[in-house]
Amino acid sequence: MEATAEQFRTCATTGLKVHGPAENLIKTNAVTAIVFLLVGGIVGLTLVLTRWQAVHLLDDEWFYRMLSLHGIAMLVAWMIFFEMAILYFASAVLLNCRLATPWAGWLQFLLMFVGAAIVAVEILLGNADVMFTSYVPLKADHMYYLGVIIFAVGAIVGCLVFFGTLVVAKKEKTYSGSMPLVTFGAAAAAIIALFTLVHGAITFIPTWAWAAGLAPMMDAELYRMLFWGFGHSSQQINVAAMVAVWYLLGTLTVGAIPINEKVCRTAFVLYILFINIASEHHLLVDPGLGIEHKIWNTGYFMHLAVLASMIHAFSVPAAVEVALRKKGFTRGAFEWLKKAPWGNPAFSALAISLVGFGFLGGITGVVYGTEQVNIIAHNTMRIPGHFHATVVVGTTLAFMGLTYYVLPLIFLREVAFPKLAKIQPYLFGLSMYVVSITMMIAGGFGVSRRSWDMSGIESPFQVNFGPVVDLNLAIMGIAGVLACIGGAIYCVIAVATLLIGKKVEA
Amino acid sequence: MSVQSLQPGWWKTPVHKEERIWITVALIWCILMTLIMPLWHVVGEHNPSAEYYRIAPEDFDKLTDEFIDKYKVGVEGDFAVVEPPAGADIFLRGSQWQWDPVLKLKVNETYRLHLSSIDVLHGMSIYPINLNFEAVPGYDYVLTITPTSTGTFNIICNEFCGISHHNMMGKIIVQ
């Protein structure tokens with residue numbers, strides 16, 4: 001298929017040639033992602049208001065149902081739809097190239113949308129009260145697993161379109177030398193996505209067959225191991241995509257240039273090599289695997305992936321500092337930090353995302369993933385505390401920050417309500433800091449995750465966690481409501497920009 | 001710029017000294033974090049068990065019933081209270097939605113606790129000392145435990161196991 005000249009427009013700001021079909025796919029995937037973020041956010045609000053013990057909004061059945069939906073809408077739909085938009089942007093737009101096989105791009109969208117819709121409907125109908133993890137022998141209707149499989153196939157198609165576009169760009173010489181760092185990072189995310197989705201297929205196809213009555217059940221522990229090969233690795237797609245977005249935001253906001261691309265790119269390769277096999281830290285207090293196996297898997301390998309994150313943790317802020325110092329902010333050690341564009345929502349999102357991901361998400365992840373510490377952390381609220389710092393403060397906020405550039409550059413509209421946009425990353429990000437920290441503290445007292453009522457009020461034996469835990473969960477509730485308002489402002493700005501935003505010259 | 005392609009020769013750019021120091025420190029830290037896990041098995045007293053056996057859920061169910069019949073000393077509500085001798089093999093059975101039986105143990109004695117489930121996954125979380133282990137159907141997970149303080153401990157289920165998951169509580173009494 002040949003691309004015609006009329007399919008391209010030249011971006012007035014960046015001078016990049018933008019392929020029309022690629023642009024349409026970026027828009028469609030991004031808008032769908034935000035719709036799922038809105039759904040997941042409303043659901044999240046009901047959850048936080050239920051675990052805030054004094055409010056306790058939902059009944060038990062709807063709490064577990066909403067918790068299942070929250071995981072799918074946020075962790076799967078919002079993230080992966082947005083990542084598809086990033087993949088098309090990082091390949092077609094940044095490489096000045098046409099998108100390979102746009103029809104396959106639409107197939108990706110269609111499959112993912114149908115899959116996500118089936119899953120969401122099954123959950124809402126009450127046919128799949130099994131949580132995001134759907135551990136066997138807990139059983140959902142077979143349509144649920146089928147929905148997950150269809151979604152995953154769509155995501156695989158999207159990754160292949162991305163790789164195809166890289167090949168086209170190379171062949172048609174649309175760029176010279178080595179591909180840009182952001183494209184390289186996106187490629188790392190796409191490679192991790194492919195082997196992650198293979199794990200997903202190995203887990204969900206037999207499970208679907210079992211639920212449909214066609215096959216015997218998979219061993220419960222084997223399911224857990226395979227599932228986390230999919231479930232945890234898919235979070236590494238988010239990490240790789242987020243770091244690529246960090247570099248992109250650094251460049252867009254202050255013109256940051258990575259200080260050493262050799263180091264940055266090697267770090268991305270470390271992600272590809274070592275991050276997937278670390279997923280056994282979910283099984284540290286399980287039967288079924290030996291100590292040596294667990295230590296080798298979660299220790300040695302995970303920490304080389306951690307090293308990669310440590311490298312980015314230096315490299316991204318260093319690039320920002322160098323760029324700001326070049327602008328003349330050289331007085332003292334911190335003038336550059338003081339004079340940074342804190343009013344630019346994309347910059348504040350980058351800063352809050354980076355610090356929160358590293359200090360709250362990353363450090364707790366490594367500590368809780370330590371074999372002995374895991375005994376006191378496994379399945380307590382420490383765990384959602386950890387991953388709300390990684391995927392919400394880290395990835396979600398980075399994607400939100402990027403949106404403030406996607407709107408003018410791709411949708412060609414000025415961001416609506418610029419004053420609200422200025423405060424949005426602070427409100428959302430800092431509230432989520434508090435949500436994460438309070439969850440971790442409650443978890444430290446032994447409050448378990450995924451529990452409608454921690455006191456066991458209807459059970460034969462009662463537990464009294466005491467006022468410290470109650471206070472913590474109340475703070476979590478208030479911060480959670482604030483974070484939801486921050487998320488809602490983001491959705492309102494995005495929708496308002498599309499509907500009434502002033503048009504920008506193409 | 002992170003959005004521009006690189007021209008040949010970029011790989012040869014030397015790594016700045018400050019970045020080299022940072023990477024070295026980070027790598028040392030990563031190695032230490034890794035070493036602490038095997039090291040703790042030597043110097044620490046608090047380690048996850050690697051002793052487990054495959055067992056059919058029906059067999060585990062039967063073994064628990066036999067264990068209850070053998071050492072039963074009373075009842076509490078719907079639950080049998082069991083007081084096994086020091087050093088015995090003791091059984092804790094997770095099922096939707098209860099932990100059986102109520103265990104009465106002696107302080108500073110060591111027991112071999114067999115943990116499993118006869119239906120879906122459950123999670124044994126001992127409150128208030130906050131120790132968490134997974135109960136997996138088909139696996140007999142053996143934990144060597146020594147209670148070091150007296151009192152009443154609750155067993156909270158911390159793995160989602162169905163709509164009444166939050167009501168699944170058990171009890172251990174240490175005397």
# chains A, B, ... in the order shown; residues from 1 in each chain; ligands from 1
call {"tool": "interface_residues", "arguments": {"of": "chain B", "to": "chain A", "cutoff": "7 Å", "atoms": "only C-alpha atoms", "output": "VMD selection string"}}
result
chain B and resid 1 to 8 11 15 23 26 to 27 30 34 37 46 to 48 50 52 120 127 to 128 130 to 134 136 to 137 139 141 158 to 160 163 166 to 170
call {"tool": "residues_around", "arguments": {"residues": "Ile423 of chain A", "least_positions_apart": "5", "cutoff": "10 Å", "atoms": "only C-alpha atoms", "output": "VMD selection string"}}
result
chain A and resid 342 to 345 348 to 349 418 428 486 489
call {"tool": "atom_distance", "arguments": {"atom1": "atom CA of Ala140 of chain A", "atom2": "atom CA of Asn127 of chain A"}}
result
5.8 Å
call {"tool": "residues_around", "arguments": {"residues": "Val355 of chain A", "least_positions_apart": "6", "cutoff": "10 Å", "atoms": "only C-alpha atoms", "output": "list of chain:residue names"}}
result
A:Ala313, A:Pro317, A:Gly361, A:Gly362, A:Ala389, A:Val393, A:Gly394
call {"tool": "select_by_dssp", "arguments": {"residues": "segment 103-277 of chain A", "states": "helix (DSSP H, G or I)", "output": "VMD selection string"}}
result
chain A and resid 103 to 124 142 to 171 181 to 211 220 to 231 233 to 254 261 to 274 276 to 277
call {"tool": "atom_distance", "arguments": {"atom1": "atom CA of His56 of chain A", "atom2": "atom CA of Leu473 of chain A"}}
result
11.0 Å
call {"tool": "atom_distance", "arguments": {"atom1": "atom CA of Tyr426 of chain A", "atom2": "atom CA of Leu397 of chain A"}}
result
9.9 Å
call {"tool": "residues_around", "arguments": {"residues": "segment 190-199 of chain A", "least_positions_apart": "5", "cutoff": "8 Å", "atoms": "only C-alpha atoms", "output": "PyMOL selection string"}}
result
chain A and resi 87+152+156+159+162+226-227+229-231+233-234+236-237+272+276
call {"tool": "write_last_selection", "arguments": {"atoms": "N, CA and C atoms", "output": "mmCIF file, in the first residue's frame"}}
result
data_model
loop_
_atom_site.group_PDB
_atom_site.id
_atom_site.type_symbol
_atom_site.label_atom_id
_atom_site.label_comp_id
_atom_site.auth_asym_id
_atom_site.auth_seq_id
_atom_site.Cartn_x
_atom_site.Cartn_y
_atom_site.Cartn_z
ATOM 1 N N LEU A 87 2.454 4.333 20.746
ATOM 2 C CA LEU A 87 3.210 3.532 19.765
ATOM 3 C C LEU A 87 3.081 4.125 18.367
ATOM 4 N N ALA A 152 -6.412 -8.872 24.103
ATOM 5 C CA ALA A 152 -4.973 -9.126 23.996
ATOM 6 C C ALA A 152 -4.558 -9.294 22.536
ATOM 7 N N ILE A 156 -1.758 -7.192 20.463
ATOM 8 C CA ILE A 156 -0.662 -7.794 19.684
ATOM 9 C C ILE A 156 -0.641 -7.198 18.278
ATOM 10 N N CYS A 159 0.985 -3.828 18.317
ATOM 11 C CA CYS A 159 2.448 -3.902 18.409
ATOM 12 C C CYS A 159 3.046 -4.246 17.044
ATOM 13 N N PHE A 162 3.182 -1.313 14.847
ATOM 14 C CA PHE A 162 4.309 -0.475 15.278
ATOM 15 C C PHE A 162 5.624 -0.984 14.673
ATOM 16 N N LEU A 226 1.772 -18.415 35.800
ATOM 17 C CA LEU A 226 1.592 -17.942 34.429
ATOM 18 C C LEU A 226 0.907 -16.587 34.414
ATOM 19 N N PHE A 227 -0.115 -16.445 35.285
ATOM 20 C CA PHE A 227 -0.846 -15.184 35.302
ATOM 21 C C PHE A 227 0.099 -14.015 35.577
ATOM 22 N N GLY A 229 3.251 -13.870 35.036
ATOM 23 C CA GLY A 229 4.097 -13.645 33.865
ATOM 24 C C GLY A 229 3.434 -12.643 32.935
ATOM 25 N N PHE A 230 2.100 -12.658 32.954
ATOM 26 C CA PHE A 230 1.315 -11.692 32.181
ATOM 27 C C PHE A 230 1.025 -10.437 33.011
ATOM 28 N N GLY A 231 0.508 -10.650 34.222
ATOM 29 C CA GLY A 231 0.007 -9.538 35.029
ATOM 30 C C GLY A 231 1.081 -8.578 35.479
ATOM 31 N N SER A 233 4.291 -8.441 34.181
ATOM 32 C CA SER A 233 5.037 -7.938 33.019
ATOM 33 C C SER A 233 4.265 -6.852 32.302
ATOM 34 N N SER A 234 2.922 -6.962 32.328
ATOM 35 C CA SER A 234 2.169 -5.919 31.629
ATOM 36 C C SER A 234 2.356 -4.578 32.334
ATOM 37 N N GLN A 236 5.205 -3.715 33.322
ATOM 38 C CA GLN A 236 6.505 -3.250 32.809
ATOM 39 C C GLN A 236 6.362 -2.598 31.447
ATOM 40 N N ILE A 237 5.278 -2.955 30.717
ATOM 41 C CA ILE A 237 4.988 -2.203 29.487
ATOM 42 C C ILE A 237 4.743 -0.756 29.902
ATOM 43 N N ILE A 272 14.050 -4.883 28.952
ATOM 44 C CA ILE A 272 13.595 -5.981 28.086
ATOM 45 C C ILE A 272 14.130 -7.312 28.608
ATOM 46 N N ASN A 276 10.786 -9.187 32.950
ATOM 47 C CA ASN A 276 9.704 -10.164 32.900
ATOM 48 C C ASN A 276 9.882 -11.270 33.923
#
call {"tool": "closest_residue", "arguments": {"among": "A:Ala398, A:Ile26, A:His312, A:Gly332", "to": "Thr266 of chain A", "atoms": "only C-alpha atoms"}}
result
A:His312
call {"tool": "residues_around", "arguments": {"residues": "Trp99 of chain B", "least_positions_apart": "3", "cutoff": "8 Å", "atoms": "only C-alpha atoms", "output": "list in words"}}
result
Leu92, Arg93, Gly94, Ser95, Val102, Ile155, Met168, Met169, Gly170 and Lys171 of chain B
call {"tool": "write_last_selection", "arguments": {"atoms": "all heavy atoms", "output": "tab-separated table (two decimals), in the first residue's frame"}}
result
chain	number	residue	atom	x	y	z
B	92	LEU	N	-4.55	-26.62	59.20
B	92	LEU	CA	-5.44	-25.47	59.07
B	92	LEU	C	-6.06	-25.53	57.68
B	92	LEU	O	-5.36	-25.48	56.67
B	92	LEU	CB	-4.67	-24.17	59.28
B	92	LEU	CG	-5.54	-22.92	59.29
B	92	LEU	CD1	-6.50	-22.93	60.48
B	92	LEU	CD2	-4.67	-21.67	59.35
B	93	ARG	N	-7.40	-25.65	57.66
B	93	ARG	CA	-8.10	-25.85	56.39
B	93	ARG	C	-8.90	-24.61	56.03
B	93	ARG	O	-9.76	-24.17	56.78
B	93	ARG	CB	-9.04	-27.05	56.55
B	93	ARG	CG	-9.94	-27.32	55.36
B	93	ARG	CD	-10.80	-28.54	55.60
B	93	ARG	NE	-11.73	-28.31	56.70
B	93	ARG	CZ	-12.33	-29.29	57.38
B	93	ARG	NH1	-12.09	-30.56	57.10
B	93	ARG	NH2	-13.16	-29.01	58.35
B	94	GLY	N	-8.60	-24.05	54.87
B	94	GLY	CA	-9.39	-22.93	54.37
B	94	GLY	C	-10.48	-23.45	53.45
B	94	GLY	O	-10.25	-24.35	52.65
B	95	SER	N	-11.70	-22.92	53.64
B	95	SER	CA	-12.78	-23.27	52.72
B	95	SER	C	-13.71	-22.07	52.69
B	95	SER	O	-13.63	-21.20	53.55
B	95	SER	CB	-13.52	-24.52	53.19
B	95	SER	OG	-14.09	-24.28	54.46
B	102	VAL	N	-10.30	-24.09	65.30
B	102	VAL	CA	-9.65	-23.12	66.20
B	102	VAL	C	-8.49	-23.87	66.87
B	102	VAL	O	-8.68	-24.93	67.44
B	102	VAL	CB	-10.65	-22.59	67.25
B	102	VAL	CG1	-9.92	-21.77	68.31
B	102	VAL	CG2	-11.73	-21.77	66.59
B	155	ILE	N	-7.18	-15.18	62.35
B	155	ILE	CA	-6.72	-15.49	61.00
B	155	ILE	C	-7.67	-14.82	60.03
B	155	ILE	O	-8.85	-15.16	59.94
B	155	ILE	CB	-6.71	-17.01	60.73
B	155	ILE	CG1	-5.95	-17.74	61.84
B	155	ILE	CG2	-6.09	-17.30	59.38
B	155	ILE	CD1	-6.16	-19.24	61.80
B	168	MET	N	-14.52	-14.35	56.45
B	168	MET	CA	-13.74	-15.57	56.70
B	168	MET	C	-12.64	-15.27	57.73
B	168	MET	O	-11.59	-14.76	57.41
B	168	MET	CB	-13.14	-16.06	55.38
B	168	MET	CG	-12.38	-17.35	55.52
B	168	MET	SD	-12.03	-18.02	53.89
B	168	MET	CE	-10.79	-19.24	54.32
B	169	MET	N	-12.96	-15.59	58.98
B	169	MET	CA	-12.00	-15.34	60.06
B	169	MET	C	-11.81	-16.63	60.86
B	169	MET	O	-12.75	-17.38	61.08
B	169	MET	CB	-12.55	-14.29	61.02
B	169	MET	CG	-12.69	-12.93	60.38
B	169	MET	SD	-11.43	-11.81	60.92
B	169	MET	CE	-12.04	-10.32	60.16
B	170	GLY	N	-10.60	-16.82	61.31
B	170	GLY	CA	-10.32	-17.96	62.17
B	170	GLY	C	-9.63	-17.49	63.43
B	170	GLY	O	-9.51	-16.28	63.68
B	171	LYS	N	-9.18	-18.46	64.24
B	171	LYS	CA	-8.63	-18.06	65.53
B	171	LYS	C	-7.54	-19.02	65.98
B	171	LYS	O	-7.66	-20.24	65.81
B	171	LYS	CB	-9.78	-18.06	66.55
B	171	LYS	CG	-9.47	-17.39	67.86
B	171	LYS	CD	-10.79	-17.09	68.53
B	171	LYS	CE	-10.73	-17.07	70.02
B	171	LYS	NZ	-12.05	-16.83	70.60
call {"tool": "closest_residue", "arguments": {"among": "A:Phe132, A:Lys27, A:Glu6, A:Ile485", "to": "Leu498 of chain A", "atoms": "only C-alpha atoms"}}
result
A:Lys27
